[in-house]
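Taking it in order: structure first as structure tokens, then the write-up.
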Amino acid sequence: MNLLIYSLLLMREHEHSLKKIELRNVSKLFPRSDGGKNVVLDDISFSINQGDFVTVLGESGGGKTTLLNLLAGLVSPTSGTVFVDGIPVKDIDPSRAMLFQQPVLLPWLSVKENVEYGCRIRGDLDRLDYRVHQFLEMMGLSCFENAKPSSLSLGMAQRVCLARALVGRADMLLLDEPFSSLDTFTQSHIQEELINIWLSEGFTAVFVTHDVNEAILMGNKVLILGGYPGRVWGFYEIDESYPRNVDCERFKSHRKEILSSFKKAHVGNRRFLS
Ligand SMILES: Nc1ncnc2c1ncn2[C@@H]1O[C@H](COP(=O)(O)OP(=O)(O)O)[C@@H](O)[C@H]1O
Ligand SMILES: [Mg+2]
């Protein structure tokens, strides 16, 4: 059965309780080896509503992973505050799940055991078998539930990580260029799957990418992070239905507008002047 139809037929198991994430005047500095400070993010303010799929577009070294780490509670801002539903983020929380560039799975556990691991540790056992089965089926991984991670392709391993986050009832998925090491065909397939699951499940997603097409294909909002120090140069709403087509005129016009924001971000950028 087509994944979209299948996903829409499934009852939404978990109503997401997260309402709003807000960054207020957030800056992040790291010490440099010469004793100076590397200002990675400078006075960033924006908010994300429940159910948004925000793609964060920026160049390498521009602070995208740092931004996700701040949202996850893995690092603290040097100044300013990250709020989730009005409460400052102080620590990691299972309601915010992170997917990394490379899949992170425990190699001695099977696919099923990996997917349920976090829930077992937290004692979240309510219909766990059913939930695991539901999401493994949604990801097309039912036949691999007893397989070990070493026997999976990269794309399959990323799907396992996605299933793990969804089984853990994450309200917010933080995705750090999760498909950048996949081949073009797998990438395009898994992008479409993720959007279908998001449409059916209603979680909030913050998806980091350096690929302008991927940002516009997936996000209902695109945040441009650029320049040095890193600032928000635009926050565009992409009010287009899915699946999107890179060749259509509206897509091209979003692309043009977003690329012109990057040009602005790089005016006076010392990395590019030196
Ligand atoms: N823990 C850290 N300590 C020192 N510098 C860091 C640390 N994490 C990131 N940085 C620096 O912050 C900058 C942005 O890194 P990062 O957020 O990983 O960028 P991106 O994900 O956009 O490639 C880089 O210059 C990097 O060296
Ligand atoms: Mg990164």
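Chain labels run A, B, ... following the order of the structure tokens; each chain numbers its residues from 1, and ligands are numbered from 1 in the order shown.
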
Contacts of Cys161 in chain A within 8 Å, only C-alpha atoms, excl. fewer than 4 positions in-chain, as a PDB file with C-alpha atoms, in the first residue's frame:
ATOM      1  CA  LEU A  99      18.939  12.546  14.219  1.00  0.00           C
ATOM      2  CA  PRO A 103      22.971   6.937  11.942  1.00  0.00           C
ATOM      3  CA  VAL A 104      23.802   6.199  15.581  1.00  0.00           C
ATOM      4  CA  LEU A 105      22.682   2.691  16.561  1.00  0.00           C
ATOM      5  CA  VAL A 115      14.038   1.159  18.305  1.00  0.00           C
ATOM      6  CA  ALA A 157      19.835   2.678   9.321  1.00  0.00           C
ATOM      7  CA  ALA A 165      12.453   8.865  17.588  1.00  0.00           C
TER       8      ALA A 165
END

For Ser188 in chain A, find every residue with an atom within 12 Å (counting only C-alpha atoms), except residues of its own chain fewer than 3 positions away, and show them as a CSV table (one decimal) with N, CA, C and O atoms, in the first residue's frame.
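As written to disk, result_29.csv reads:
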chain,number,residue,atom,x,y,z
A,155,GLY,N,20.6,4.2,4.3
A,155,GLY,CA,19.3,4.7,4.3
A,155,GLY,C,18.4,3.9,5.3
A,155,GLY,O,17.5,4.5,5.9
A,179,PHE,N,20.3,13.2,5.6
A,179,PHE,CA,20.3,12.4,4.4
A,179,PHE,C,21.4,12.8,3.5
A,179,PHE,O,21.5,12.4,2.3
A,180,SER,N,22.4,13.6,4.0
A,180,SER,CA,23.4,14.1,3.1
A,180,SER,C,24.4,13.1,2.6
A,180,SER,O,25.0,13.2,1.6
A,182,LEU,N,23.5,10.0,1.7
A,182,LEU,CA,22.8,9.0,1.0
A,182,LEU,C,22.9,9.3,-0.5
A,182,LEU,O,23.0,10.5,-0.9
A,183,ASP,N,22.7,8.3,-1.4
A,183,ASP,CA,22.7,8.5,-2.8
A,183,ASP,C,21.4,9.3,-3.2
A,183,ASP,O,20.5,9.3,-2.4
A,184,THR,N,21.5,9.9,-4.4
A,184,THR,CA,20.4,10.8,-4.8
A,184,THR,C,19.0,10.1,-4.8
A,184,THR,O,18.0,10.7,-4.3
A,185,PHE,N,19.0,8.8,-5.2
A,185,PHE,CA,17.7,8.1,-5.3
A,185,PHE,C,17.1,7.8,-3.9
A,185,PHE,O,15.9,8.1,-3.6
A,191,GLN,N,13.3,11.5,1.7
A,191,GLN,CA,12.7,12.9,1.9
A,191,GLN,C,11.2,12.8,1.8
A,191,GLN,O,10.5,13.4,2.7
A,192,GLU,N,10.7,12.1,0.8
A,192,GLU,CA,9.3,12.1,0.6
A,192,GLU,C,8.6,11.3,1.7
A,192,GLU,O,7.5,11.7,2.2
A,193,GLU,N,9.2,10.2,2.2
A,193,GLU,CA,8.7,9.4,3.3
A,193,GLU,C,8.6,10.3,4.5
A,193,GLU,O,7.6,10.2,5.2
A,194,LEU,N,9.7,11.0,4.8
A,194,LEU,CA,9.7,11.8,6.0
A,194,LEU,C,8.5,12.9,6.0
A,194,LEU,O,7.8,13.1,7.0
A,195,ILE,N,8.3,13.5,4.9
A,195,ILE,CA,7.3,14.5,4.7
A,195,ILE,C,5.9,13.8,4.9
A,195,ILE,O,5.0,14.3,5.7
A,213,ASN,N,17.8,23.2,-2.5
A,213,ASN,CA,16.6,22.5,-3.1
A,213,ASN,C,15.9,21.6,-2.0
A,213,ASN,O,14.7,21.6,-1.9
A,214,GLU,N,16.8,21.0,-1.2
A,214,GLU,CA,16.2,20.1,-0.1
A,214,GLU,C,15.4,21.0,0.9
A,214,GLU,O,14.3,20.6,1.3
A,217,LEU,N,12.2,21.9,-0.8
A,217,LEU,CA,11.3,20.7,-1.0
A,217,LEU,C,10.6,20.3,0.2
A,217,LEU,O,9.5,19.7,0.2
A,218,MET,N,11.3,20.5,1.4
A,218,MET,CA,10.8,19.9,2.6
A,218,MET,C,10.1,20.9,3.6
A,218,MET,O,9.1,20.5,4.2
A,243,PRO,N,3.8,16.6,-2.9
A,243,PRO,CA,5.2,16.7,-3.1
A,243,PRO,C,5.5,17.9,-4.0
A,243,PRO,O,4.7,18.3,-4.9
A,244,ARG,N,6.7,18.5,-3.8
A,244,ARG,CA,7.1,19.7,-4.6
A,244,ARG,C,8.0,19.4,-5.8
A,244,ARG,O,8.7,18.4,-5.7
A,245,ASN,N,8.0,20.3,-6.7
A,245,ASN,CA,8.7,20.0,-8.0
A,245,ASN,C,9.7,21.1,-8.2
A,245,ASN,O,9.4,22.3,-8.3
A,246,VAL,N,11.0,20.7,-8.2
A,246,VAL,CA,12.1,21.7,-8.4
A,246,VAL,C,12.0,22.5,-9.7
A,246,VAL,O,12.6,23.5,-9.8

Legend entry - Contacts to ligand 2 at 12 Å cut-off (only C-alpha atoms and all ligand atoms) as a ChimeraX atom specification: /A:56-69,99-102,175-178,180,207-210

Contacts of Arg164 in chain A at 8 Å or less, counting only C-alpha atoms, minus same-chain residues fewer than 2 places along, as a short mmCIF file (atom, residue, chain, number, x, y, z; two decimals) with all heavy atoms, in the first residue's frame?
data_model
loop_
_atom_site.label_atom_id
_atom_site.label_comp_id
_atom_site.auth_asym_id
_atom_site.auth_seq_id
_atom_site.Cartn_x
_atom_site.Cartn_y
_atom_site.Cartn_z
N ASN A 114 16.96 -1.78 19.14
CA ASN A 114 17.42 -0.39 19.05
C ASN A 114 16.25 0.58 19.13
O ASN A 114 16.31 1.60 19.82
CB ASN A 114 18.18 -0.16 17.73
CG ASN A 114 19.67 -0.29 17.90
OD1 ASN A 114 20.32 0.59 18.46
ND2 ASN A 114 20.22 -1.39 17.42
N VAL A 115 15.19 0.25 18.39
CA VAL A 115 14.04 1.16 18.30
C VAL A 115 13.36 1.31 19.67
O VAL A 115 12.91 2.39 20.04
CB VAL A 115 13.05 0.67 17.21
CG1 VAL A 115 11.74 1.41 17.27
CG2 VAL A 115 13.69 0.82 15.83
N GLU A 116 13.32 0.21 20.44
CA GLU A 116 12.58 0.28 21.72
C GLU A 116 13.48 0.63 22.91
O GLU A 116 12.98 0.86 24.01
CB GLU A 116 11.85 -1.04 21.98
CG GLU A 116 12.78 -2.22 22.15
CD GLU A 116 12.07 -3.58 22.11
OE1 GLU A 116 10.92 -3.65 21.64
OE2 GLU A 116 12.69 -4.55 22.54
N GLY A 118 15.30 3.22 24.12
CA GLY A 118 15.07 4.42 24.95
C GLY A 118 13.81 4.28 25.78
O GLY A 118 13.78 4.65 26.96
N VAL A 160 15.76 3.49 10.76
CA VAL A 160 15.66 2.91 12.11
C VAL A 160 15.74 4.04 13.15
O VAL A 160 14.96 4.08 14.10
CB VAL A 160 16.78 1.86 12.37
CG1 VAL A 160 16.71 1.34 13.79
CG2 VAL A 160 16.68 0.71 11.37
N CYS A 161 16.65 5.00 12.91
CA CYS A 161 16.78 6.13 13.85
C CYS A 161 15.49 6.95 13.89
O CYS A 161 15.06 7.42 14.94
CB CYS A 161 17.95 7.03 13.45
SG CYS A 161 19.54 6.20 13.59
N LEU A 162 14.88 7.11 12.72
CA LEU A 162 13.61 7.85 12.63
C LEU A 162 12.51 7.11 13.38
O LEU A 162 11.75 7.71 14.16
CB LEU A 162 13.26 8.00 11.14
CG LEU A 162 12.29 9.07 10.71
CD1 LEU A 162 12.67 10.41 11.26
CD2 LEU A 162 12.26 9.13 9.17
N LEU A 166 10.25 8.32 16.68
CA LEU A 166 8.79 8.36 16.65
C LEU A 166 8.19 7.44 17.71
O LEU A 166 7.20 7.79 18.35
CB LEU A 166 8.27 8.01 15.26
CG LEU A 166 8.67 9.02 14.17
CD1 LEU A 166 8.36 8.49 12.79
CD2 LEU A 166 7.99 10.36 14.38
N VAL A 167 8.81 6.28 17.92
CA VAL A 167 8.33 5.36 18.96
C VAL A 167 8.48 6.02 20.33
O VAL A 167 7.63 5.86 21.20
CB VAL A 167 9.11 4.02 18.91
CG1 VAL A 167 8.90 3.20 20.17
CG2 VAL A 167 8.69 3.22 17.68
N GLY A 168 9.52 6.82 20.49
CA GLY A 168 9.75 7.53 21.75
C GLY A 168 8.83 8.72 21.93
O GLY A 168 8.97 9.47 22.88
#

Shell around range 49-55 of chain A at 12 Å using only C-alpha atoms, local window under 4 positions removed, as a PDB file with N, CA and C atoms, in the first residue's frame:
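File written: around.pdb
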ATOM      1  N   GLU A  15      -1.010  12.725  20.592  1.00  0.00           N
ATOM      2  CA  GLU A  15      -1.221  14.133  20.302  1.00  0.00           C
ATOM      3  C   GLU A  15      -0.032  14.908  20.854  1.00  0.00           C
ATOM      4  N   HIS A  16       0.571  15.725  20.013  1.00  0.00           N
ATOM      5  CA  HIS A  16       1.794  16.396  20.439  1.00  0.00           C
ATOM      6  C   HIS A  16       1.458  17.583  21.328  1.00  0.00           C
ATOM      7  N   SER A  17       2.174  17.638  22.468  1.00  0.00           N
ATOM      8  CA  SER A  17       1.801  18.638  23.464  1.00  0.00           C
ATOM      9  C   SER A  17       2.612  19.928  23.336  1.00  0.00           C
ATOM     10  N   LEU A  18       3.722  19.845  22.559  1.00  0.00           N
ATOM     11  CA  LEU A  18       4.562  21.026  22.420  1.00  0.00           C
ATOM     12  C   LEU A  18       3.794  22.148  21.697  1.00  0.00           C
ATOM     13  N   LYS A  19       3.893  23.367  22.182  1.00  0.00           N
ATOM     14  CA  LYS A  19       3.173  24.457  21.518  1.00  0.00           C
ATOM     15  C   LYS A  19       4.127  25.374  20.745  1.00  0.00           C
ATOM     16  N   LYS A  20       5.210  25.763  21.396  1.00  0.00           N
ATOM     17  CA  LYS A  20       6.051  26.775  20.767  1.00  0.00           C
ATOM     18  C   LYS A  20       7.491  26.716  21.266  1.00  0.00           C
ATOM     19  N   ILE A  21       8.430  26.886  20.342  1.00  0.00           N
ATOM     20  CA  ILE A  21       9.842  27.011  20.716  1.00  0.00           C
ATOM     21  C   ILE A  21      10.245  28.432  20.374  1.00  0.00           C
ATOM     22  N   GLU A  22      10.951  29.053  21.277  1.00  0.00           N
ATOM     23  CA  GLU A  22      11.340  30.429  21.009  1.00  0.00           C
ATOM     24  C   GLU A  22      12.798  30.654  21.392  1.00  0.00           C
ATOM     25  N   LEU A  23      13.555  31.227  20.482  1.00  0.00           N
ATOM     26  CA  LEU A  23      14.916  31.645  20.805  1.00  0.00           C
ATOM     27  C   LEU A  23      14.878  33.158  20.971  1.00  0.00           C
ATOM     28  N   LYS A  64      24.951  25.615  12.212  1.00  0.00           N
ATOM     29  CA  LYS A  64      23.677  24.876  12.133  1.00  0.00           C
ATOM     30  C   LYS A  64      23.605  23.799  13.232  1.00  0.00           C
ATOM     31  N   LEU A  68      21.063  23.394  16.525  1.00  0.00           N
ATOM     32  CA  LEU A  68      20.291  22.197  16.914  1.00  0.00           C
ATOM     33  C   LEU A  68      20.655  21.754  18.326  1.00  0.00           C
ATOM     34  N   PHE A  83      13.443  28.907  24.814  1.00  0.00           N
ATOM     35  CA  PHE A  83      12.246  28.527  25.571  1.00  0.00           C
ATOM     36  C   PHE A  83      11.485  27.425  24.839  1.00  0.00           C
ATOM     37  N   VAL A  84      10.977  26.467  25.590  1.00  0.00           N
ATOM     38  CA  VAL A  84      10.003  25.523  25.036  1.00  0.00           C
ATOM     39  C   VAL A  84       8.735  25.720  25.852  1.00  0.00           C
ATOM     40  N   ASP A  85       7.689  26.130  25.180  1.00  0.00           N
ATOM     41  CA  ASP A  85       6.422  26.467  25.845  1.00  0.00           C
ATOM     42  C   ASP A  85       6.646  27.402  27.034  1.00  0.00           C
ATOM     43  N   ASP A 171       8.049  15.049  20.490  1.00  0.00           N
ATOM     44  CA  ASP A 171       7.219  16.135  19.958  1.00  0.00           C
ATOM     45  C   ASP A 171       7.980  16.891  18.889  1.00  0.00           C
ATOM     46  N   MET A 172       9.306  16.831  19.021  1.00  0.00           N
ATOM     47  CA  MET A 172      10.129  17.629  18.130  1.00  0.00           C
ATOM     48  C   MET A 172      11.300  16.787  17.627  1.00  0.00           C
ATOM     49  N   LEU A 173      11.461  16.744  16.312  1.00  0.00           N
ATOM     50  CA  LEU A 173      12.610  16.050  15.731  1.00  0.00           C
ATOM     51  C   LEU A 173      13.620  17.090  15.284  1.00  0.00           C
ATOM     52  N   LEU A 174      14.866  16.886  15.705  1.00  0.00           N
ATOM     53  CA  LEU A 174      15.954  17.775  15.313  1.00  0.00           C
ATOM     54  C   LEU A 174      16.845  16.962  14.386  1.00  0.00           C
ATOM     55  N   LEU A 175      16.908  17.339  13.123  1.00  0.00           N
ATOM     56  CA  LEU A 175      17.580  16.496  12.126  1.00  0.00           C
ATOM     57  C   LEU A 175      18.768  17.241  11.546  1.00  0.00           C
ATOM     58  N   ASP A 176      19.958  16.660  11.758  1.00  0.00           N
ATOM     59  CA  ASP A 176      21.190  17.340  11.367  1.00  0.00           C
ATOM     60  C   ASP A 176      21.724  16.751  10.060  1.00  0.00           C
ATOM     61  N   GLU A 177      21.320  17.314   8.939  1.00  0.00           N
ATOM     62  CA  GLU A 177      21.723  16.838   7.606  1.00  0.00           C
ATOM     63  C   GLU A 177      21.639  15.306   7.525  1.00  0.00           C
ATOM     64  N   LEU A 194       9.656  11.018   4.823  1.00  0.00           N
ATOM     65  CA  LEU A 194       9.655  11.820   6.048  1.00  0.00           C
ATOM     66  C   LEU A 194       8.527  12.857   6.010  1.00  0.00           C
ATOM     67  N   ILE A 195       8.340  13.491   4.859  1.00  0.00           N
ATOM     68  CA  ILE A 195       7.266  14.488   4.739  1.00  0.00           C
ATOM     69  C   ILE A 195       5.903  13.825   4.937  1.00  0.00           C
ATOM     70  N   ASN A 196       5.699  12.647   4.359  1.00  0.00           N
ATOM     71  CA  ASN A 196       4.428  11.951   4.532  1.00  0.00           C
ATOM     72  C   ASN A 196       4.165  11.609   5.995  1.00  0.00           C
ATOM     73  N   ILE A 197       5.220  11.173   6.680  1.00  0.00           N
ATOM     74  CA  ILE A 197       5.068  10.818   8.101  1.00  0.00           C
ATOM     75  C   ILE A 197       4.782  12.078   8.926  1.00  0.00           C
ATOM     76  N   TRP A 198       5.478  13.155   8.572  1.00  0.00           N
ATOM     77  CA  TRP A 198       5.228  14.423   9.283  1.00  0.00           C
ATOM     78  C   TRP A 198       3.769  14.879   9.056  1.00  0.00           C
ATOM     79  N   LEU A 199       3.288  14.778   7.826  1.00  0.00           N
ATOM     80  CA  LEU A 199       1.910  15.183   7.537  1.00  0.00           C
ATOM     81  C   LEU A 199       0.925  14.337   8.349  1.00  0.00           C
ATOM     82  N   SER A 200       1.268  13.067   8.539  1.00  0.00           N
ATOM     83  CA  SER A 200       0.329  12.207   9.251  1.00  0.00           C
ATOM     84  C   SER A 200       0.497  12.280  10.769  1.00  0.00           C
ATOM     85  N   GLU A 201       1.702  12.495  11.252  1.00  0.00           N
ATOM     86  CA  GLU A 201       1.953  12.426  12.698  1.00  0.00           C
ATOM     87  C   GLU A 201       1.886  13.778  13.407  1.00  0.00           C
ATOM     88  N   GLY A 202       2.190  14.845  12.673  1.00  0.00           N
ATOM     89  CA  GLY A 202       2.014  16.179  13.249  1.00  0.00           C
ATOM     90  C   GLY A 202       3.084  16.625  14.237  1.00  0.00           C
ATOM     91  N   PHE A 203       4.267  15.973  14.222  1.00  0.00           N
ATOM     92  CA  PHE A 203       5.327  16.465  15.101  1.00  0.00           C
ATOM     93  C   PHE A 203       5.921  17.755  14.529  1.00  0.00           C
ATOM     94  N   THR A 204       6.780  18.371  15.310  1.00  0.00           N
ATOM     95  CA  THR A 204       7.482  19.573  14.860  1.00  0.00           C
ATOM     96  C   THR A 204       8.880  19.132  14.425  1.00  0.00           C
ATOM     97  N   ALA A 205       9.367  19.686  13.314  1.00  0.00           N
ATOM     98  CA  ALA A 205      10.689  19.265  12.840  1.00  0.00           C
ATOM     99  C   ALA A 205      11.564  20.486  12.578  1.00  0.00           C
ATOM    100  N   VAL A 206      12.823  20.360  12.963  1.00  0.00           N
ATOM    101  CA  VAL A 206      13.831  21.348  12.567  1.00  0.00           C
ATOM    102  C   VAL A 206      14.898  20.558  11.826  1.00  0.00           C
ATOM    103  N   PHE A 207      15.016  20.829  10.539  1.00  0.00           N
ATOM    104  CA  PHE A 207      15.814  20.001   9.635  1.00  0.00           C
ATOM    105  C   PHE A 207      16.926  20.860   9.046  1.00  0.00           C
ATOM    106  N   VAL A 208      18.158  20.530   9.413  1.00  0.00           N
ATOM    107  CA  VAL A 208      19.305  21.311   8.946  1.00  0.00           C
ATOM    108  C   VAL A 208      19.814  20.775   7.615  1.00  0.00           C
ATOM    109  N   THR A 209      20.115  21.675   6.703  1.00  0.00           N
ATOM    110  CA  THR A 209      20.660  21.265   5.410  1.00  0.00           C
ATOM    111  C   THR A 209      21.530  22.380   4.825  1.00  0.00           C
ATOM    112  N   HIS A 210      22.458  21.976   3.912  1.00  0.00           N
ATOM    113  CA  HIS A 210      23.184  23.013   3.184  1.00  0.00           C
ATOM    114  C   HIS A 210      22.723  23.028   1.727  1.00  0.00           C
ATOM    115  N   ASP A 211      21.625  22.311   1.448  1.00  0.00           N
ATOM    116  CA  ASP A 211      21.153  22.143   0.077  1.00  0.00           C
ATOM    117  C   ASP A 211      19.858  22.951  -0.095  1.00  0.00           C
ATOM    118  N   VAL A 212      19.938  23.994  -0.922  1.00  0.00           N
ATOM    119  CA  VAL A 212      18.783  24.900  -1.059  1.00  0.00           C
ATOM    120  C   VAL A 212      17.558  24.164  -1.606  1.00  0.00           C
ATOM    121  N   ASN A 213      17.757  23.211  -2.518  1.00  0.00           N
ATOM    122  CA  ASN A 213      16.611  22.463  -3.052  1.00  0.00           C
ATOM    123  C   ASN A 213      15.942  21.630  -1.961  1.00  0.00           C
ATOM    124  N   GLU A 214      16.769  20.958  -1.169  1.00  0.00           N
ATOM    125  CA  GLU A 214      16.221  20.129  -0.089  1.00  0.00           C
ATOM    126  C   GLU A 214      15.426  21.007   0.890  1.00  0.00           C
ATOM    127  N   ALA A 215      15.972  22.216   1.181  1.00  0.00           N
ATOM    128  CA  ALA A 215      15.299  23.118   2.118  1.00  0.00           C
ATOM    129  C   ALA A 215      13.898  23.480   1.605  1.00  0.00           C
ATOM    130  N   ILE A 216      13.795  23.774   0.301  1.00  0.00           N
ATOM    131  CA  ILE A 216      12.496  24.207  -0.247  1.00  0.00           C
ATOM    132  C   ILE A 216      11.579  23.002  -0.495  1.00  0.00           C
ATOM    133  N   LEU A 217      12.167  21.871  -0.827  1.00  0.00           N
ATOM    134  CA  LEU A 217      11.343  20.668  -1.049  1.00  0.00           C
ATOM    135  C   LEU A 217      10.614  20.252   0.227  1.00  0.00           C
ATOM    136  N   MET A 218      11.283  20.460   1.385  1.00  0.00           N
ATOM    137  CA  MET A 218      10.755  19.870   2.611  1.00  0.00           C
ATOM    138  C   MET A 218      10.080  20.854   3.563  1.00  0.00           C
ATOM    139  N   GLY A 219      10.609  22.061   3.674  1.00  0.00           N
ATOM    140  CA  GLY A 219      10.142  22.926   4.762  1.00  0.00           C
ATOM    141  C   GLY A 219       8.823  23.632   4.470  1.00  0.00           C
ATOM    142  N   ASN A 220       7.977  23.788   5.504  1.00  0.00           N
ATOM    143  CA  ASN A 220       6.886  24.758   5.327  1.00  0.00           C
ATOM    144  C   ASN A 220       7.419  26.149   5.692  1.00  0.00           C
ATOM    145  N   LYS A 221       8.607  26.147   6.338  1.00  0.00           N
ATOM    146  CA  LYS A 221       9.330  27.398   6.570  1.00  0.00           C
ATOM    147  C   LYS A 221      10.813  27.143   6.335  1.00  0.00           C
ATOM    148  N   VAL A 222      11.501  28.120   5.793  1.00  0.00           N
ATOM    149  CA  VAL A 222      12.952  27.997   5.586  1.00  0.00           C
ATOM    150  C   VAL A 222      13.637  29.144   6.320  1.00  0.00           C
ATOM    151  N   LEU A 223      14.538  28.781   7.230  1.00  0.00           N
ATOM    152  CA  LEU A 223      15.284  29.791   7.974  1.00  0.00           C
ATOM    153  C   LEU A 223      16.691  29.863   7.392  1.00  0.00           C
ATOM    154  N   ILE A 224      17.119  31.067   7.053  1.00  0.00           N
ATOM    155  CA  ILE A 224      18.452  31.247   6.481  1.00  0.00           C
ATOM    156  C   ILE A 224      19.397  31.677   7.583  1.00  0.00           C
ATOM    157  N   LEU A 225      20.398  30.833   7.816  1.00  0.00           N
ATOM    158  CA  LEU A 225      21.423  31.150   8.808  1.00  0.00           C
ATOM    159  C   LEU A 225      22.681  31.464   8.019  1.00  0.00           C
ATOM    160  N   GLY A 234      16.745  35.463   7.006  1.00  0.00           N
ATOM    161  CA  GLY A 234      15.415  35.363   6.400  1.00  0.00           C
ATOM    162  C   GLY A 234      14.691  34.181   7.006  1.00  0.00           C
ATOM    163  N   PHE A 235      13.365  34.297   7.045  1.00  0.00           N
ATOM    164  CA  PHE A 235      12.533  33.200   7.536  1.00  0.00           C
ATOM    165  C   PHE A 235      11.337  33.164   6.598  1.00  0.00           C
ATOM    166  N   TYR A 236      11.424  32.288   5.599  1.00  0.00           N
ATOM    167  CA  TYR A 236      10.438  32.284   4.517  1.00  0.00           C
ATOM    168  C   TYR A 236       9.380  31.224   4.741  1.00  0.00           C
ATOM    169  N   GLU A 237       8.143  31.584   4.460  1.00  0.00           N
ATOM    170  CA  GLU A 237       7.083  30.588   4.473  1.00  0.00           C
ATOM    171  C   GLU A 237       6.992  30.005   3.068  1.00  0.00           C
ATOM    172  N   ILE A 238       6.968  28.691   2.956  1.00  0.00           N
ATOM    173  CA  ILE A 238       6.830  28.042   1.644  1.00  0.00           C
ATOM    174  C   ILE A 238       5.434  27.428   1.601  1.00  0.00           C
ATOM    175  N   ASP A 239       4.496  28.222   1.118  1.00  0.00           N
ATOM    176  CA  ASP A 239       3.094  27.811   1.148  1.00  0.00           C
ATOM    177  C   ASP A 239       2.752  27.038  -0.124  1.00  0.00           C
TER     178      ASP A 239
END

As a CSV table (one decimal) with N, CA and C atoms, in the first residue's frame, which residues of range 69-108 of chain A does DSSP assign to helix (DSSP H, G or I)?
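Written file, out_34.csv:
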chain,number,residue,atom,x,y,z
A,69,ASN,N,22.0,21.8,18.6
A,69,ASN,CA,22.4,21.4,20.0
A,69,ASN,C,21.8,22.3,21.1
A,70,LEU,N,21.6,23.6,20.7
A,70,LEU,CA,20.9,24.5,21.7
A,70,LEU,C,19.5,24.1,21.9
A,71,LEU,N,18.8,23.8,20.7
A,71,LEU,CA,17.4,23.4,20.8
A,71,LEU,C,17.2,22.1,21.6
A,72,ALA,N,18.2,21.2,21.4
A,72,ALA,CA,18.1,19.9,22.1
A,72,ALA,C,18.4,20.0,23.6

Legend entry - DSSP-assigned strand (DSSP E or B) members of range 96-244 of chain A, reported as number ranges by chain: A: 96-99, 172-176, 204-209, 221-226, 230-237

Inset, instruction - Give the answer as one residue: which of A:Asp93, A:His133, A:Thr186, A:Ser150 has the shortest atom-to-atom distance to Leu106 in chain A, using only C-alpha atoms? - result: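 When distances to Leu106 in chain A are compared using only C-alpha atoms, the smallest one comes from A:Ser150.
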
Legend entry - Residues within 6 Å of range 26-36 of chain A, only C-alpha atoms, excluding chain neighbours under 2 positions, as number ranges by chain: A: 24, 38-44, 77-81

Inset, instruction - Using only C-alpha atoms and all ligand atoms, pick whichever of A:Gln134, A:Asn146, A:Asn25, A:Ser76 has the shortest atom-to-atom distance to ligand 1. - result: A:Ser76

Inset, instruction - Check the smallest atom-to-atom distance from each of A:Lys256, A:Arg231, A:His189, A:Lys263 to ligand 1 using only C-alpha atoms and all ligand atoms, then report the winner. - result: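 Smallest separation from ligand 1 among the options: A:Arg231.
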
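Comparing A:Gly226, A:Val132, A:Ala265, A:Glu145 by their smallest distance to ligand 1, the closest is A:Gly226 (using only C-alpha atoms and all ligand atoms).
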
Inset, instruction - Name the closest residue to ligand 1 among the candidates A:Leu109, A:Gly123, A:Phe46, A:Pro229; distances are taken between atoms, counting only C-alpha atoms and all ligand atoms. - result: A:Pro229

Legend entry - Which residue of A:Phe144, A:Tyr228, A:Phe262, A:Phe251 approaches ligand 1 most closely, using only C-alpha atoms and all ligand atoms: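 Of A:Phe144, A:Tyr228, A:Phe262, A:Phe251, the one nearest ligand 1, counting only C-alpha atoms and all ligand atoms, is A:Tyr228.
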